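Asker: Sharing a structure here in structure tokens format.
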Amino acid sequence: MKMLPIDKRYVWPAAGLERVPDWAYTSQEIYDREVERIFHGPTWNYVGLDAEVPDAGDFVRSYVGPTPVVMVRDEEGEINVFENRCSHRAAEFCRELRGNTDEFVCPYHQWSYDLKGNLSGVPFRRGVNGEGGMGPDFRPENHGVKKLHVTRHNGAVFASFSDAVEPLEDYLGEEMLSDFEAVFSGRKLRVLGHYRHTLSGNWKLYPENLKDPYHATLLHTFLVTFGLLVAGNKSAMIVDPKGRHSTMASAKSDGTAVSEENKAEMRAYRDGLALADPRLMDFIPEFDSPWSVTMQVVWPGLIVQREMNTLGVRQIVPNGPNEFTMVWTMFGYEDDDEEMTRHRLRQGNLMGPAGFLGLEDNEAIKFVQDGMLNSTGGEHLVVLDPKVPAGTSNTLISEAAIRAMYKHWRQEMGL
Amino acid sequence: MSVTETRADDAALRRAARLDIEDFNAAYCAVLDDGNLEDWPEFFTEDAFYNVTSRENFDHDRPVGLVYCENKAMLQDRALAIAKTSMFGPRYLRHYITNTQVTGIEADGTICALANYILVETLAELPEGRLHQAGRLIDRFRRQEDGRVLLSSRIAVYDTLLVHNALVLPI
Ligand code: FES
Ligand SMILES: [Fe+2]
């Protein structure tokens, strides 16, 4: 039986962008197409920071989408990214999370690669005693590991499988670039450490969570109670013209300013709670930005976190339709003094797998995936703020940014 | 006093300290597993340091923590945040602290200790439970005037690099 083409089997709901079908989150076939068309397509994928590989030979294991790669600094000071897959029998040859080396030697049959990913050595290439070995036409220069395009911007390193991807500045666009540069301003970064966790949901639910300002005022009691993000605060949900990147932005307010009317809408609001150590919520202005908090999604798999003074990037590594790993790299700046570093670390309690806000998003995402997996196929309702069909909205009570993301996704996926 | 007597004294002191710490940890786990989370900060001194971090960070002197507290007030804020504000699915978490070693007693009486820990998490939808973290505790205890010991520092270093979803309770 001839199979129907994919766009006949996965048909988007007739209501358009106001609905998202469950299959976008649960289908293996859709997931495989995302890897091919999005993560391996014309996108820039964050792989690490310059500051993680300061010296020649420094490397880290990383990912582009689900695909393992190595990011390494070579003798000329350039950063190279190549697949962590031996050209011989496919072994994932780099096993350490990070380190320093002058070459990569695959443990299985000891083929060796230089810091650019070129094949530099094949044991017994000529065989033994004139027998065996490689044929006369074997050309090592044709058997390096798969190399990716690399671009760097003020300390962040991105890679792409695609020859057609536009320059990063164009990929981000002017508005997104300026939010990005609030954090990546050219000030040298100091890495403070990493978190890694697996989330039990489709990877897109994470960018969606950060394009869903509605939840932020409702789910996060802590945020609301201590005045970080309250319906009525100065805030914005900014989307790039293509609908793929976004910045959720807000300016901190005094918690006492919440109106009685808004309090009544928010079950989460708790009057009368106070922090024993209020330094947690101190905001030390240091950025060229009107916002005290920005959560930026750089499509497809990067989140740049500027939660007041706690800074970090989150890299999404999908593991199939129903799960993803997130790798967080927390950082400050090289010129931070001891007290500023401690302030960033203290404020780090808000975010991450045990963060006061962070853990709630992880749980909510799991609940959404559970809801889809444990019931029959259906669709999500994405209808808030109908005056803005898709794109930037001035209100937090909006889902226009999620609609914009699916507009782009459908184009890329041909669905 | 002869060298042998000092050593014997020292061994006895360490054994006594270890027993105190084992009692302490049993009570500590009971509070986290079955008790009131807001009692948890009471196991610490006012100036206590508390950090939960991966071995990846610890071995490379990276200071971040999943939980990072510089004093008892921050521990109280965490207890408050989890107990009063955080949304998470219902679960049981059970802490096991074993293999306690006293590695030294400093001149001011501070006891340095190491222990292993595991944290088992059981969710309603995961009734068989699973290992949530395995790691070690690097502890400093300060003896109080009434003879009790309190933590002046606890660093939980987990070997289990990947956290399942979220860590909702402290270690
Ligand atoms: S698989 Fe790498 S050398 Fe054989
Ligand atoms: Fe959130």
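Every chain in the structure tokens has a letter given in the order shown (A, B, ...), and although residue numbers restart at 1 in each chain, ligands are simply numbered from 1 in the order shown.
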Which neighbours of stretch 209-214 of chain A fall inside 8 Å, counting only C-alpha atoms, when residues of the same chain fewer than 4 positions from it are skipped, and could you give them as a PyMOL selection string?

Answerer: chain A and resi 205+218+237+246-248+295-297+361+396-399+401-402

Asker: Considering only C-alpha atoms, extract the chain A residues located within 6 Å of chain B and return them as an NGL selection string.

Answerer: :A and (192-193 or 196-199 or 221-222 or 275-277 or 349 or 353-354 or 359-360 or 363)

Asker: Atoms to include: N, CA and C atoms. Write the selected residues as an mmCIF file, in the first residue's frame.

Answerer:
data_model
loop_
_atom_site.group_PDB
_atom_site.id
_atom_site.type_symbol
_atom_site.label_atom_id
_atom_site.label_comp_id
_atom_site.auth_asym_id
_atom_site.auth_seq_id
_atom_site.Cartn_x
_atom_site.Cartn_y
_atom_site.Cartn_z
ATOM 1 N N LEU A 192 30.077 30.238 35.681
ATOM 2 C CA LEU A 192 29.887 29.901 37.096
ATOM 3 C C LEU A 192 29.459 28.451 37.294
ATOM 4 N N GLY A 193 29.062 27.782 36.207
ATOM 5 C CA GLY A 193 28.735 26.360 36.336
ATOM 6 C C GLY A 193 27.527 25.968 35.510
ATOM 7 N N ARG A 196 22.053 20.322 34.540
ATOM 8 C CA ARG A 196 21.523 19.482 33.463
ATOM 9 C C ARG A 196 20.309 18.754 34.007
ATOM 10 N N HIS A 197 19.235 18.789 33.263
ATOM 11 C CA HIS A 197 18.079 17.997 33.690
ATOM 12 C C HIS A 197 17.258 17.548 32.493
ATOM 13 N N THR A 198 16.484 16.484 32.715
ATOM 14 C CA THR A 198 15.599 15.994 31.666
ATOM 15 C C THR A 198 14.194 16.455 31.986
ATOM 16 N N LEU A 199 13.504 16.923 30.980
ATOM 17 C CA LEU A 199 12.119 17.346 31.167
ATOM 18 C C LEU A 199 11.215 16.402 30.392
ATOM 19 N N THR A 221 3.692 31.935 41.850
ATOM 20 C CA THR A 221 3.307 32.671 43.046
ATOM 21 C C THR A 221 4.450 33.522 43.584
ATOM 22 N N PHE A 222 5.641 32.944 43.553
ATOM 23 C CA PHE A 222 6.798 33.642 44.112
ATOM 24 C C PHE A 222 7.054 34.955 43.370
ATOM 25 N N LEU A 275 10.494 38.064 52.778
ATOM 26 C CA LEU A 275 11.726 37.281 52.720
ATOM 27 C C LEU A 275 12.609 37.604 53.917
ATOM 28 N N ALA A 276 13.217 36.558 54.481
ATOM 29 C CA ALA A 276 14.154 36.770 55.589
ATOM 30 C C ALA A 276 15.445 37.394 55.071
ATOM 31 N N ASP A 277 15.795 37.064 53.842
ATOM 32 C CA ASP A 277 16.976 37.679 53.227
ATOM 33 C C ASP A 277 16.569 38.325 51.901
ATOM 34 N N ASN A 349 18.913 31.080 42.867
ATOM 35 C CA ASN A 349 17.869 30.265 43.495
ATOM 36 C C ASN A 349 16.511 30.413 42.817
ATOM 37 N N PRO A 353 16.759 23.795 37.802
ATOM 38 C CA PRO A 353 15.897 22.656 38.121
ATOM 39 C C PRO A 353 15.344 22.689 39.550
ATOM 40 N N ALA A 354 15.949 23.501 40.438
ATOM 41 C CA ALA A 354 15.402 23.630 41.791
ATOM 42 C C ALA A 354 15.012 25.079 42.057
ATOM 43 N N LEU A 359 11.359 25.381 38.749
ATOM 44 C CA LEU A 359 10.814 24.032 38.932
ATOM 45 C C LEU A 359 9.344 23.975 38.561
ATOM 46 N N GLU A 360 8.648 25.098 38.703
ATOM 47 C CA GLU A 360 7.218 25.102 38.368
ATOM 48 C C GLU A 360 6.990 24.938 36.866
ATOM 49 N N GLU A 363 7.458 21.316 35.948
ATOM 50 C CA GLU A 363 6.299 20.515 36.330
ATOM 51 C C GLU A 363 5.136 20.773 35.367
#

Asker: Which residue, A:Gly378, A:Thr392, A:Pro123, A:Phe138, has the smallest gap to A:Pro13 when you use only C-alpha atoms?

Answerer: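 Among the listed residues, A:Gly378 lies closest to A:Pro13.
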
Asker: Ligand 1: which residues are within 8 Å, counting only C-alpha atoms and all ligand atoms? Reply as a PyMOL selection string.

Answerer: chain A and resi 85-93+105-112+122

Asker: Could you take the residues named above and write them with C-alpha atoms, as a PDB file, in the first residue's frame?

Answerer:
ATOM      1  CA  ARG A  85      30.809  10.436  15.426  1.00  0.00           C
ATOM      2  CA  CYS A  86      33.806   8.528  14.133  1.00  0.00           C
ATOM      3  CA  SER A  87      33.970   8.253  10.343  1.00  0.00           C
ATOM      4  CA  HIS A  88      34.962   4.619  10.704  1.00  0.00           C
ATOM      5  CA  ARG A  89      32.229   2.778  12.609  1.00  0.00           C
ATOM      6  CA  ALA A  90      30.256   5.694  14.024  1.00  0.00           C
ATOM      7  CA  ALA A  91      31.561   5.526  17.584  1.00  0.00           C
ATOM      8  CA  GLU A  92      30.776   8.626  19.646  1.00  0.00           C
ATOM      9  CA  PHE A  93      34.476   9.070  20.227  1.00  0.00           C
ATOM     10  CA  VAL A 105      41.582   9.479  19.223  1.00  0.00           C
ATOM     11  CA  CYS A 106      38.616   7.201  18.751  1.00  0.00           C
ATOM     12  CA  PRO A 107      38.851   4.506  21.434  1.00  0.00           C
ATOM     13  CA  TYR A 108      37.591   1.692  19.209  1.00  0.00           C
ATOM     14  CA  HIS A 109      40.264   1.387  16.450  1.00  0.00           C
ATOM     15  CA  GLN A 110      42.236   4.502  17.301  1.00  0.00           C
ATOM     16  CA  TRP A 111      41.575   6.593  14.260  1.00  0.00           C
ATOM     17  CA  SER A 112      42.749  10.056  15.157  1.00  0.00           C
ATOM     18  CA  VAL A 122      44.561   5.348  10.648  1.00  0.00           C
TER      19      VAL A 122
END

Asker: Rounded to one decimal, what separation in Å do you get between atom CA of A:Ile6 and atom CA of A:Pro21?

Answerer: 14.7 Å

Asker: Pick out the residues sitting within 9 Å of B:Arg14, and hand them over as a count of residues only; count only C-alpha atoms, and ignore anything fewer than 5 positions along from it in its own chain.

Answerer: 8
